[in-house]
Amino acid sequence: MILEICCGDIDSVGAALTGGAGRIELCCGLEAGGLTPSAGLLEQALWKSRRLMSPVPVNVLVRPRPGDFLYSDKELSQCVQDTAYAVGCQADGIVFGALTSEGEIDEYACEKVIDAIRQTTLPEQKVSMTFHRAFDMCRDPFEALETAVRLGFDRILTSGQAPTAEAGIELIAELKARADGRISIMPGAGVTPENIRRIVDATGVTEIHASAKERVASKMRFRRENVGMGSGEADEYSRFVTSAAIVKQLVKSAHQDLLF
């Protein structure tokens, strides 16, 4: 069982490694569903992982903006450049997804990113490819499954087209059965120490994705409460970070038998 932890900052990367994560999905902007991480965050995360006796793979999310997954030519060019940079930094995988306006996987966009991976990968380098939760916005999940297989993706990250992976168990299990070993199905969204075992046992998956996040308060003593940096609704003096303790609980729960 591989537990992938989504990390949005360098402290979260450290917490995920301390907690025993089997893989990291690196991004930023978790409040927007995840966006491409900065060059500095990417290089620091890879350094943290590589200095371990048993390095933990770091997969990099490539998503140029919040919102839908219908990308313009300029946005796609940005994705291609970000992909090439990440692979050139020795990232272990790329996490990407794009859709057409009709809700199908955008094969052209995916092929451009896949080409960037192939052209940048060194002979001794292995770079995995994950189709991310854009899959959950697809019109037909079974058609999208076959497209992802044909394109050469290694795994699909999905909540089963439901608000959480627990709510999407039925579809996740069906996708796993239809994949029949051709591609890995990785549940994600709302995965907790309390439900991870149920999701794994009900679907038969061998990898699962979680954020293991908790809210932490700012250490700022002086505060200007009436000024916001974004929409004005966000709390500027707290943020979500990965918790090493929650990661440890997830690892423990994922590897123990159900009690019911």
# chains A, B, ... in the order shown; residues from 1 in each chain; ligands from 1
>>> residues_around(residues="Ala109 of chain A", least_positions_apart="5", cutoff="12 Å", atoms="only C-alpha atoms", output="MDAnalysis selection string")
chainID A and resid 69:80 96:100 104 114:116 131 151
>>> closest_atom_pairs(of="segment 43-112 of chain A", to="segment 9-29 of chain A", cutoff="7 Å", atoms="only C-alpha atoms", output="CSV")
residue,atom,partner,partner_atom,distance
A:Ala45,CA,A:Ile10,CA,6.4
A:Val56,CA,A:Arg23,CA,5.5
A:Pro57,CA,A:Arg23,CA,5.0
A:Val58,CA,A:Ile24,CA,4.8
A:Asn59,CA,A:Glu25,CA,4.8
A:Val60,CA,A:Leu26,CA,4.9
A:Leu61,CA,A:Cys27,CA,5.5
>>> select_by_dssp(residues="segment 81-216 of chain A", states="helix (DSSP H, G or I)", output="VMD selection string")
chain A and resid 81 to 88 107 to 120 133 to 137 141 to 151 169 to 179 196 to 203
>>> write_last_selection(atoms="C-alpha atoms", output="PDB file, in the first residue's frame")
ATOM      1  CA  GLN A  81       7.430  24.381 -19.816  1.00  0.00           C
ATOM      2  CA  ASP A  82       6.622  23.580 -16.180  1.00  0.00           C
ATOM      3  CA  THR A  83       6.718  19.862 -16.987  1.00  0.00           C
ATOM      4  CA  ALA A  84      10.090  20.089 -18.715  1.00  0.00           C
ATOM      5  CA  TYR A  85      11.522  22.052 -15.783  1.00  0.00           C
ATOM      6  CA  ALA A  86      10.239  19.553 -13.190  1.00  0.00           C
ATOM      7  CA  VAL A  87      11.572  16.558 -15.116  1.00  0.00           C
ATOM      8  CA  GLY A  88      14.877  18.355 -15.618  1.00  0.00           C
ATOM      9  CA  GLU A 107      -5.806  14.009 -25.764  1.00  0.00           C
ATOM     10  CA  TYR A 108      -3.919  16.735 -27.610  1.00  0.00           C
ATOM     11  CA  ALA A 109      -3.061  18.582 -24.384  1.00  0.00           C
ATOM     12  CA  CYS A 110      -2.052  15.374 -22.626  1.00  0.00           C
ATOM     13  CA  GLU A 111       0.131  14.305 -25.535  1.00  0.00           C
ATOM     14  CA  LYS A 112       1.961  17.651 -25.487  1.00  0.00           C
ATOM     15  CA  VAL A 113       2.788  17.205 -21.800  1.00  0.00           C
ATOM     16  CA  ILE A 114       3.727  13.553 -22.297  1.00  0.00           C
ATOM     17  CA  ASP A 115       6.037  14.592 -25.160  1.00  0.00           C
ATOM     18  CA  ALA A 116       7.696  17.113 -22.844  1.00  0.00           C
ATOM     19  CA  ILE A 117       8.300  14.326 -20.320  1.00  0.00           C
ATOM     20  CA  ARG A 118       9.799  12.024 -22.948  1.00  0.00           C
ATOM     21  CA  GLN A 119      12.025  14.693 -24.456  1.00  0.00           C
ATOM     22  CA  THR A 120      13.400  15.780 -21.067  1.00  0.00           C
ATOM     23  CA  ARG A 133      -8.890  14.803 -10.437  1.00  0.00           C
ATOM     24  CA  ALA A 134      -9.896  16.480 -13.668  1.00  0.00           C
ATOM     25  CA  PHE A 135     -11.050  12.900 -14.163  1.00  0.00           C
ATOM     26  CA  ASP A 136     -13.859  13.611 -11.703  1.00  0.00           C
ATOM     27  CA  MET A 137     -15.210  16.291 -14.042  1.00  0.00           C
ATOM     28  CA  PRO A 141     -15.604   7.972 -16.487  1.00  0.00           C
ATOM     29  CA  PHE A 142     -15.296   4.643 -18.286  1.00  0.00           C
ATOM     30  CA  GLU A 143     -14.511   6.246 -21.623  1.00  0.00           C
ATOM     31  CA  ALA A 144     -12.004   8.507 -19.825  1.00  0.00           C
ATOM     32  CA  LEU A 145     -10.433   5.446 -18.214  1.00  0.00           C
ATOM     33  CA  GLU A 146      -9.761   3.892 -21.620  1.00  0.00           C
ATOM     34  CA  THR A 147      -8.358   7.170 -22.934  1.00  0.00           C
ATOM     35  CA  ALA A 148      -5.976   7.483 -19.985  1.00  0.00           C
ATOM     36  CA  VAL A 149      -4.799   3.909 -20.548  1.00  0.00           C
ATOM     37  CA  ARG A 150      -4.264   4.526 -24.268  1.00  0.00           C
ATOM     38  CA  LEU A 151      -2.283   7.703 -23.581  1.00  0.00           C
ATOM     39  CA  ILE A 169     -16.403   3.968  -3.377  1.00  0.00           C
ATOM     40  CA  GLU A 170     -18.785   2.222  -5.776  1.00  0.00           C
ATOM     41  CA  LEU A 171     -17.419   3.909  -8.906  1.00  0.00           C
ATOM     42  CA  ILE A 172     -13.805   3.616  -7.698  1.00  0.00           C
ATOM     43  CA  ALA A 173     -14.272  -0.132  -7.258  1.00  0.00           C
ATOM     44  CA  GLU A 174     -15.783  -0.415 -10.742  1.00  0.00           C
ATOM     45  CA  LEU A 175     -12.931   1.582 -12.266  1.00  0.00           C
ATOM     46  CA  LYS A 176     -10.417  -0.670 -10.496  1.00  0.00           C
ATOM     47  CA  ALA A 177     -12.133  -3.757 -11.905  1.00  0.00           C
ATOM     48  CA  ARG A 178     -12.306  -2.357 -15.444  1.00  0.00           C
ATOM     49  CA  ALA A 179      -8.690  -1.172 -15.310  1.00  0.00           C
ATOM     50  CA  ILE A 196      -8.911   4.938   4.818  1.00  0.00           C
ATOM     51  CA  ARG A 197      -9.220   1.240   5.660  1.00  0.00           C
ATOM     52  CA  ARG A 198     -12.842   1.114   4.503  1.00  0.00           C
ATOM     53  CA  ILE A 199     -11.946   2.749   1.186  1.00  0.00           C
ATOM     54  CA  VAL A 200      -9.024   0.389   0.598  1.00  0.00           C
ATOM     55  CA  ASP A 201     -10.949  -2.752   1.494  1.00  0.00           C
ATOM     56  CA  ALA A 202     -14.039  -1.802  -0.510  1.00  0.00           C
ATOM     57  CA  THR A 203     -12.109  -0.936  -3.674  1.00  0.00           C
TER      58      THR A 203
END
>>> atom_distance(atom1="atom CA of Met220 of chain A", atom2="atom CA of Glu236 of chain A")
10.2 Å
>>> residues_around(residues="Leu250 of chain A", least_positions_apart="4", cutoff="12 Å", atoms="only C-alpha atoms", output="PyMOL selection string")
chain A and resi 1-5+16+19-22+191-197+200+208-213+243-246+254-256
>>> write_last_selection(atoms="N, CA, C and O atoms", output="CSV table (one decimal), in the first residue's frame")
chain,number,residue,atom,x,y,z
A,1,MET,N,0.8,-1.2,0.0
A,1,MET,CA,0.0,0.0,0.0
A,1,MET,C,0.9,1.2,0.0
A,1,MET,O,1.7,1.4,0.9
A,2,ILE,N,0.7,2.1,-1.0
A,2,ILE,CA,1.4,3.4,-1.1
A,2,ILE,C,0.5,4.5,-0.6
A,2,ILE,O,-0.6,4.7,-1.2
A,3,LEU,N,0.9,5.2,0.4
A,3,LEU,CA,0.2,6.4,0.8
A,3,LEU,C,0.9,7.7,0.2
A,3,LEU,O,2.0,8.0,0.6
A,4,GLU,N,0.2,8.3,-0.7
A,4,GLU,CA,0.7,9.6,-1.3
A,4,GLU,C,0.1,10.7,-0.5
A,4,GLU,O,-1.1,10.8,-0.3
A,5,ILE,N,1.0,11.7,-0.1
A,5,ILE,CA,0.5,12.8,0.7
A,5,ILE,C,0.7,14.1,-0.2
A,5,ILE,O,1.8,14.3,-0.7
A,16,ALA,N,5.4,15.2,6.0
A,16,ALA,CA,5.0,14.0,5.3
A,16,ALA,C,6.1,12.9,5.3
A,16,ALA,O,5.8,11.7,5.5
A,19,GLY,N,6.3,11.5,8.8
A,19,GLY,CA,5.1,10.7,9.1
A,19,GLY,C,5.1,9.4,8.4
A,19,GLY,O,4.4,8.5,8.8
A,20,GLY,N,6.0,9.2,7.4
A,20,GLY,CA,6.1,7.9,6.7
A,20,GLY,C,5.4,7.8,5.4
A,20,GLY,O,5.0,6.7,5.0
A,21,ALA,N,5.2,8.9,4.7
A,21,ALA,CA,4.5,8.9,3.4
A,21,ALA,C,5.3,8.1,2.5
A,21,ALA,O,6.6,8.1,2.5
A,22,GLY,N,4.6,7.4,1.6
A,22,GLY,CA,5.3,6.6,0.6
A,22,GLY,C,5.6,7.4,-0.7
A,22,GLY,O,6.4,6.9,-1.5
A,191,VAL,N,-9.9,11.7,2.5
A,191,VAL,CA,-9.3,10.4,3.1
A,191,VAL,C,-8.8,10.8,4.5
A,191,VAL,O,-8.0,11.7,4.7
A,192,THR,N,-9.3,10.0,5.5
A,192,THR,CA,-8.9,10.2,6.9
A,192,THR,C,-8.4,8.9,7.5
A,192,THR,O,-8.7,7.9,7.0
A,193,PRO,N,-7.8,9.0,8.7
A,193,PRO,CA,-7.4,7.8,9.4
A,193,PRO,C,-8.6,6.9,9.7
A,193,PRO,O,-8.5,5.7,9.9
A,194,GLU,N,-9.8,7.6,9.8
A,194,GLU,CA,-11.0,6.8,10.2
A,194,GLU,C,-11.6,6.1,9.0
A,194,GLU,O,-12.3,5.1,9.2
A,195,ASN,N,-11.4,6.6,7.8
A,195,ASN,CA,-12.1,5.9,6.6
A,195,ASN,C,-11.2,5.3,5.7
A,195,ASN,O,-11.6,4.6,4.7
A,196,ILE,N,-9.8,5.4,5.8
A,196,ILE,CA,-8.9,4.9,4.8
A,196,ILE,C,-9.0,3.4,4.6
A,196,ILE,O,-9.0,2.9,3.5
A,197,ARG,N,-9.2,2.7,5.8
A,197,ARG,CA,-9.2,1.2,5.7
A,197,ARG,C,-10.5,0.8,4.9
A,197,ARG,O,-10.4,-0.2,4.2
A,200,VAL,N,-10.0,1.4,1.2
A,200,VAL,CA,-9.0,0.4,0.6
A,200,VAL,C,-9.7,-1.0,0.5
A,200,VAL,O,-9.6,-1.6,-0.6
A,208,ILE,N,-3.2,5.2,-2.3
A,208,ILE,CA,-4.3,6.1,-1.9
A,208,ILE,C,-3.7,7.5,-1.6
A,208,ILE,O,-2.5,7.6,-1.2
A,209,HIS,N,-4.5,8.5,-1.8
A,209,HIS,CA,-4.0,9.9,-1.7
A,209,HIS,C,-4.7,10.7,-0.6
A,209,HIS,O,-5.9,10.6,-0.5
A,210,ALA,N,-3.9,11.4,0.2
A,210,ALA,CA,-4.5,12.3,1.2
A,210,ALA,C,-3.7,13.5,1.5
A,210,ALA,O,-2.5,13.6,1.1
A,211,SER,N,-4.3,14.5,2.1
A,211,SER,CA,-3.6,15.7,2.4
A,211,SER,C,-3.1,15.7,3.9
A,211,SER,O,-2.1,16.4,4.2
A,212,ALA,N,-3.8,15.0,4.7
A,212,ALA,CA,-3.3,14.9,6.2
A,212,ALA,C,-3.1,16.3,6.8
A,212,ALA,O,-2.2,16.5,7.5
A,213,LYS,N,-4.0,17.2,6.4
A,213,LYS,CA,-3.8,18.6,6.8
A,213,LYS,C,-4.5,18.9,8.2
A,213,LYS,O,-5.5,18.4,8.5
A,243,SER,N,0.2,17.4,8.6
A,243,SER,CA,0.5,17.0,10.0
A,243,SER,C,1.2,15.7,10.0
A,243,SER,O,0.7,14.7,9.5
A,244,ALA,N,2.4,15.6,10.5
A,244,ALA,CA,3.2,14.3,10.6
A,244,ALA,C,2.4,13.3,11.4
A,244,ALA,O,2.4,12.1,11.1
A,245,ALA,N,1.7,13.8,12.5
A,245,ALA,CA,0.9,12.9,13.3
A,245,ALA,C,-0.2,12.2,12.5
A,245,ALA,O,-0.5,11.0,12.7
A,246,ILE,N,-0.9,13.0,11.7
A,246,ILE,CA,-2.0,12.5,10.9
A,246,ILE,C,-1.5,11.5,9.8
A,246,ILE,O,-2.1,10.5,9.6
A,254,ALA,N,-4.0,2.3,7.4
A,254,ALA,CA,-3.9,1.7,6.1
A,254,ALA,C,-3.4,0.3,6.1
A,254,ALA,O,-3.7,-0.6,5.3
A,255,HIS,N,-2.6,0.0,7.2
A,255,HIS,CA,-1.9,-1.3,7.2
A,255,HIS,C,-2.5,-2.2,8.3
A,255,HIS,O,-1.9,-3.2,8.7
A,256,GLN,N,-3.6,-1.9,8.9
A,256,GLN,CA,-4.2,-2.7,9.9
A,256,GLN,C,-5.6,-3.2,9.4
A,256,GLN,O,-6.2,-2.6,8.6
